[in-house]
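Step one of this worksheet: look at the structure below.
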Amino acid sequence: MMDLSSYRKLFPVTRSAIYLNHAAVSPFSTRVSEAIETQIKSRSEPPVDIYRTFLEERRLLKENIAELINGRPENIAIIPNTSTGLNWLANGFSWQPGDRILLVEGEFPSNIYPFLNLKRKGVTIDFVSPRKGIIGIEEIAPKIDQKTRLFSVSYVQFLNGFRIDLTAVGQLCQANDVLFSVDGIQGVGAVRLDVEAAGIDFLSNGGHKWLMGPMGCGFMYLSPHLHNILQPVFAGWLSVKNSWDFLEYRLDFLDDAERYEPGTPDFLGIVGLRAATGLLIEAGSAKIEGHLLGLGEYLIEALESRGFTYTGCRDKKHRAGIYSFRHVRAKEIFDHLAKNQIYISLREGVIRISPHFYNTRSELEELMRTIEKIL
């Protein structure tokens, strides 16, 4: 296994910029670009119709995802984005008036709106209020009652970077017969995840952030028992068994998660995401997580000593790849960094820094020098 810094040569962005905005969208590695270019070439020259041979690419992508989350390929469906997956979940149940769904205040809207849309069916939406940015069992448990059917939460919060204890929450949900749903987009690819150990029933994940793939291609995971509960809200020619018998018209859904892939898949997205996930597996999930926690420790110490206020959790086990800070001159600092080809985010007045595995300590030191110039 190579040293993580040796992967820098695969990222053209490093030649002209310091890119620390992976919680928004990641740059392509050359492996992703080359995979997509190869796919484009295959569609530009005979035989052009490569559909059947392409299915192997999809199978290999599902194997990569299964390895990253410790799931099984047959329980993974390729979808366009996080919102699509959560809408599959929200609309696939037979909800009854009075059923309750538990969400978290301060979540990114992808994990809110699909469930708010169920109010028209008489479903009640409850919210957990984080305590100083922390979401623990003490905050969640009192909000669960006999009518709570689902709890949905982000693995990592998009604004302050808090990483929830999935295993503890999974045990709480199981003890109360509550389905456990996770928006994984700010965690998977940055820190490790074991869907089986955590007791996760459903996970939805876009591929363009920490997984470093193209926009518009992601995945959802369903625990095996969910196939018997969740009804497909869309039906297409590829949702069913014997789909190549075009004129049979028999609505006999596939037995695994492929039933949630109703039509022609995103070929370019799939080959790109396969290359991206393959690179993460090669680099090593444990090694990536350790590297990001180390960079985060440096950021917290360096920025607090310069008058910034860290908004995340002090407990290292609740950190991932997002490090956010408040400063009275946040907008000015953000603009100054962009002019110097250092890219971060400004979210809700908060400076958000999100390095990935190819970023280095020396890049963060350059970030500090640039900040000092304006301060």
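Following the order of the structure tokens, first chain is A, next is B, and so on, with residues numbered from 1 inside each chain and ligands from 1 in the order they appear.
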Hey, what's within 6 Å of range 104-121 of chain A if we count only C-alpha atoms and toss same-chain stuff fewer than 6 positions away? As an NGL selection string, please? :A and (83 or 87 or 90 or 127-129)
For the selection just defined, write its residues with C-alpha atoms to a file, as an mmCIF file, in the first residue's frame.
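Below is the file that was written, selection03.cif:
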```cif
data_model
loop_
_atom_site.group_PDB
_atom_site.id
_atom_site.type_symbol
_atom_site.label_atom_id
_atom_site.label_comp_id
_atom_site.auth_asym_id
_atom_site.auth_seq_id
_atom_site.Cartn_x
_atom_site.Cartn_y
_atom_site.Cartn_z
ATOM 1 C CA SER A 83 -32.376 12.574 -2.562
ATOM 2 C CA ASN A 87 -37.505 9.354 -1.793
ATOM 3 C CA ALA A 90 -40.180 7.731 1.992
ATOM 4 C CA PHE A 127 -37.336 16.640 15.311
ATOM 5 C CA VAL A 128 -34.406 15.943 17.597
ATOM 6 C CA SER A 129 -32.645 19.097 18.798
#
```
Excluding range 53-59 of chain A and its own-chain neighbours fewer than 3 positions away, which residues fall within 8 Å of it when counting only C-alpha atoms? Please give them as a count of residues only. 8
Do you have the CA of Pro27 in chain A-CA of Met215 in chain A distance handy? 10.7 Å
Mind the document's chain letters and residue numbers, and return as JSON, numbers by chain the residues of range 216-353 of chain A that DSSP labels strand (DSSP E or B). {"A": [218, 219, 220, 221, 222, 240, 253, 309, 310, 323, 324, 325, 326, 342, 343, 345, 346, 347, 350, 351, 352, 353]}
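Near Lys331 in chain A, within a cut-off of 9 Å and counting only C-alpha atoms, sit the residues Leu346, Gly349, Val350 and Ile351 of chain A, with same-chain residues fewer than 6 positions away left out.
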Neighbouring residues of range 362-364 of chain A were defined as those with any atom within 12 Å, considering only C-alpha atoms; residues of the same chain fewer than 2 positions away were excluded. Please report them as a ChimeraX atom specification. /A:5,8,14,17-20,292,294-303,341-344,353-356,358-360,366-371
With distances taken over only C-alpha atoms, which of A:Gly187, A:Pro214, A:Gly136, A:Gly98 is nearest to Thr124 in chain A? A:Gly98
Phe180 in chain A environment, 8 Å, only C-alpha atoms, sequence neighbours closer than 3 positions dropped, as a ChimeraX atom specification: /A:150-152,170,173,199-202
Keeping only N, CA and C atoms, write the selected residues to a file as a PDB file, in the first residue's frame.
```pdb
ATOM      1  N   LEU A 150     -39.738   5.449  11.940  1.00  0.00           N
ATOM      2  CA  LEU A 150     -38.490   5.655  11.215  1.00  0.00           C
ATOM      3  C   LEU A 150     -37.686   6.777  11.851  1.00  0.00           C
ATOM      4  N   PHE A 151     -36.376   6.553  11.964  1.00  0.00           N
ATOM      5  CA  PHE A 151     -35.444   7.621  12.339  1.00  0.00           C
ATOM      6  C   PHE A 151     -34.423   7.756  11.221  1.00  0.00           C
ATOM      7  N   SER A 152     -34.260   8.970  10.699  1.00  0.00           N
ATOM      8  CA  SER A 152     -33.314   9.207   9.612  1.00  0.00           C
ATOM      9  C   SER A 152     -32.341  10.306  10.010  1.00  0.00           C
ATOM     10  N   GLY A 170     -28.265   2.512  16.116  1.00  0.00           N
ATOM     11  CA  GLY A 170     -28.855   1.306  15.547  1.00  0.00           C
ATOM     12  C   GLY A 170     -29.436   0.394  16.610  1.00  0.00           C
ATOM     13  N   CYS A 173     -32.694   1.971  17.877  1.00  0.00           N
ATOM     14  CA  CYS A 173     -33.791   1.784  16.924  1.00  0.00           C
ATOM     15  C   CYS A 173     -34.301   0.352  16.936  1.00  0.00           C
ATOM     16  N   GLY A 199     -26.365  -1.905  12.282  1.00  0.00           N
ATOM     17  CA  GLY A 199     -27.792  -2.198  12.226  1.00  0.00           C
ATOM     18  C   GLY A 199     -28.572  -1.222  11.364  1.00  0.00           C
ATOM     19  N   ILE A 200     -27.947  -0.736  10.303  1.00  0.00           N
ATOM     20  CA  ILE A 200     -28.590   0.229   9.415  1.00  0.00           C
ATOM     21  C   ILE A 200     -29.555  -0.506   8.487  1.00  0.00           C
ATOM     22  N   ASP A 201     -30.780  -0.018   8.413  1.00  0.00           N
ATOM     23  CA  ASP A 201     -31.774  -0.612   7.517  1.00  0.00           C
ATOM     24  C   ASP A 201     -31.678  -0.028   6.108  1.00  0.00           C
ATOM     25  N   PHE A 202     -31.335   1.243   6.020  1.00  0.00           N
ATOM     26  CA  PHE A 202     -31.332   1.925   4.725  1.00  0.00           C
ATOM     27  C   PHE A 202     -30.260   3.008   4.736  1.00  0.00           C
TER      28      PHE A 202
END
```
Near-Ser239 in chain A list (12 Å; only C-alpha atoms; drop same-chain fewer than 3 positions) as JSON, numbers by chain: {"A": [77, 231, 232, 233, 234, 235, 236, 242, 243, 244, 249, 250, 251, 252, 253, 254, 255, 256, 257, 258, 259, 260, 261, 262, 263, 264, 265]}
Output the selection as a CSV table (one decimal), in the first residue's frame - C-alpha atoms for each residue.
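Generated output (part11.csv):
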```
chain,number,residue,atom,x,y,z
A,77,ALA,CA,-28.8,-0.2,-6.1
A,231,GLN,CA,-42.6,-1.3,-2.4
A,232,PRO,CA,-41.1,0.0,-5.7
A,233,VAL,CA,-42.7,3.3,-6.4
A,234,PHE,CA,-41.4,3.2,-10.0
A,235,ALA,CA,-41.6,0.3,-12.3
A,236,GLY,CA,-39.5,0.0,-15.5
A,242,ASN,CA,-37.0,-11.8,-17.6
A,243,SER,CA,-36.7,-8.1,-18.7
A,244,TRP,CA,-35.4,-9.0,-22.1
A,249,TYR,CA,-45.6,-7.6,-19.7
A,250,ARG,CA,-45.4,-9.5,-16.4
A,251,LEU,CA,-44.8,-7.2,-13.4
A,252,ASP,CA,-42.7,-9.7,-11.5
A,253,PHE,CA,-40.1,-7.6,-9.6
A,254,LEU,CA,-36.6,-8.7,-9.1
A,255,ASP,CA,-35.8,-10.2,-5.7
A,256,ASP,CA,-32.8,-7.9,-4.9
A,257,ALA,CA,-32.0,-4.2,-4.9
A,258,GLU,CA,-31.8,-4.2,-8.7
A,259,ARG,CA,-35.6,-3.8,-8.7
A,260,TYR,CA,-34.9,-0.2,-7.8
A,261,GLU,CA,-33.0,0.4,-11.1
A,262,PRO,CA,-36.0,0.7,-13.4
A,263,GLY,CA,-34.3,1.9,-16.6
A,264,THR,CA,-31.1,2.5,-18.5
A,265,PRO,CA,-28.3,3.3,-16.0
```
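Nearest-residue note for Ala275 in chain A: choosing from A:Leu103, A:Ile322, A:Met212, A:Val188, the minimum distance belongs to A:Met212, counting only C-alpha atoms.
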Contacts of Phe308 in chain A at 8 Å or less, counting only C-alpha atoms, minus same-chain residues fewer than 2 places along, as a CSV table (one decimal) with N, CA and C atoms, in the first residue's frame?
```csv
chain,number,residue,atom,x,y,z
A,303,LEU,N,-6.0,27.1,13.8
A,303,LEU,CA,-7.0,28.2,13.6
A,303,LEU,C,-7.5,28.7,14.9
A,304,GLU,N,-7.6,27.9,15.9
A,304,GLU,CA,-8.0,28.5,17.2
A,304,GLU,C,-6.9,29.4,17.8
A,305,SER,N,-5.7,29.1,17.5
A,305,SER,CA,-4.6,30.0,18.0
A,305,SER,C,-4.6,31.3,17.2
A,306,ARG,N,-5.4,31.4,16.1
A,306,ARG,CA,-5.4,32.6,15.3
A,306,ARG,C,-6.8,33.3,15.4
A,310,TYR,N,-13.8,26.9,16.7
A,310,TYR,CA,-14.2,25.6,16.2
A,310,TYR,C,-15.6,25.3,16.6
A,325,PHE,N,-15.4,26.5,11.3
A,325,PHE,CA,-15.0,27.6,12.2
A,325,PHE,C,-15.7,28.9,12.0
A,326,ARG,N,-15.9,29.6,13.1
A,326,ARG,CA,-16.5,30.9,13.0
A,326,ARG,C,-15.4,32.0,13.1
A,327,HIS,N,-15.7,33.1,12.4
A,327,HIS,CA,-14.7,34.2,12.5
A,327,HIS,C,-15.5,35.5,12.1
```
Just the helix (DSSP H, G or I) stuff from range 44-242 of chain A, please, per backbone DSSP, written as a ChimeraX atom specification. /A:44,51-69,73-75,82-92,109-111,113-121,137-143,166-175,195-198,224-228
What is the CA of Gly161 in chain A to CA of Leu89 in chain A distance in Å? 24.7 Å
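Distances to Leu222 in chain A were evaluated for A:Phe11, A:Trp88, A:Phe162, A:Tyr51 using only C-alpha atoms, and the minimum falls at A:Trp88.
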Atom-to-atom span, CA of Arg52 in chain A and CA of Leu268 in chain A, Å: 14.7 Å
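In terms of minimum interatomic distance to Asp315 in chain A, A:Leu293 ranks closest within A:Ile76, A:Arg361, A:Leu293, A:Val13, counting only C-alpha atoms.
Restricting the calculation to only C-alpha atoms, the smallest distance between Ala198 in chain A and any of A:Leu166, A:Met220, A:Val328, A:Leu226 is found for A:Leu166.
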Which one of A:Lys147, A:Ala283, A:Phe28, A:Val182 sits closest to Ser6 in chain A if you count only C-alpha atoms? A:Ala283
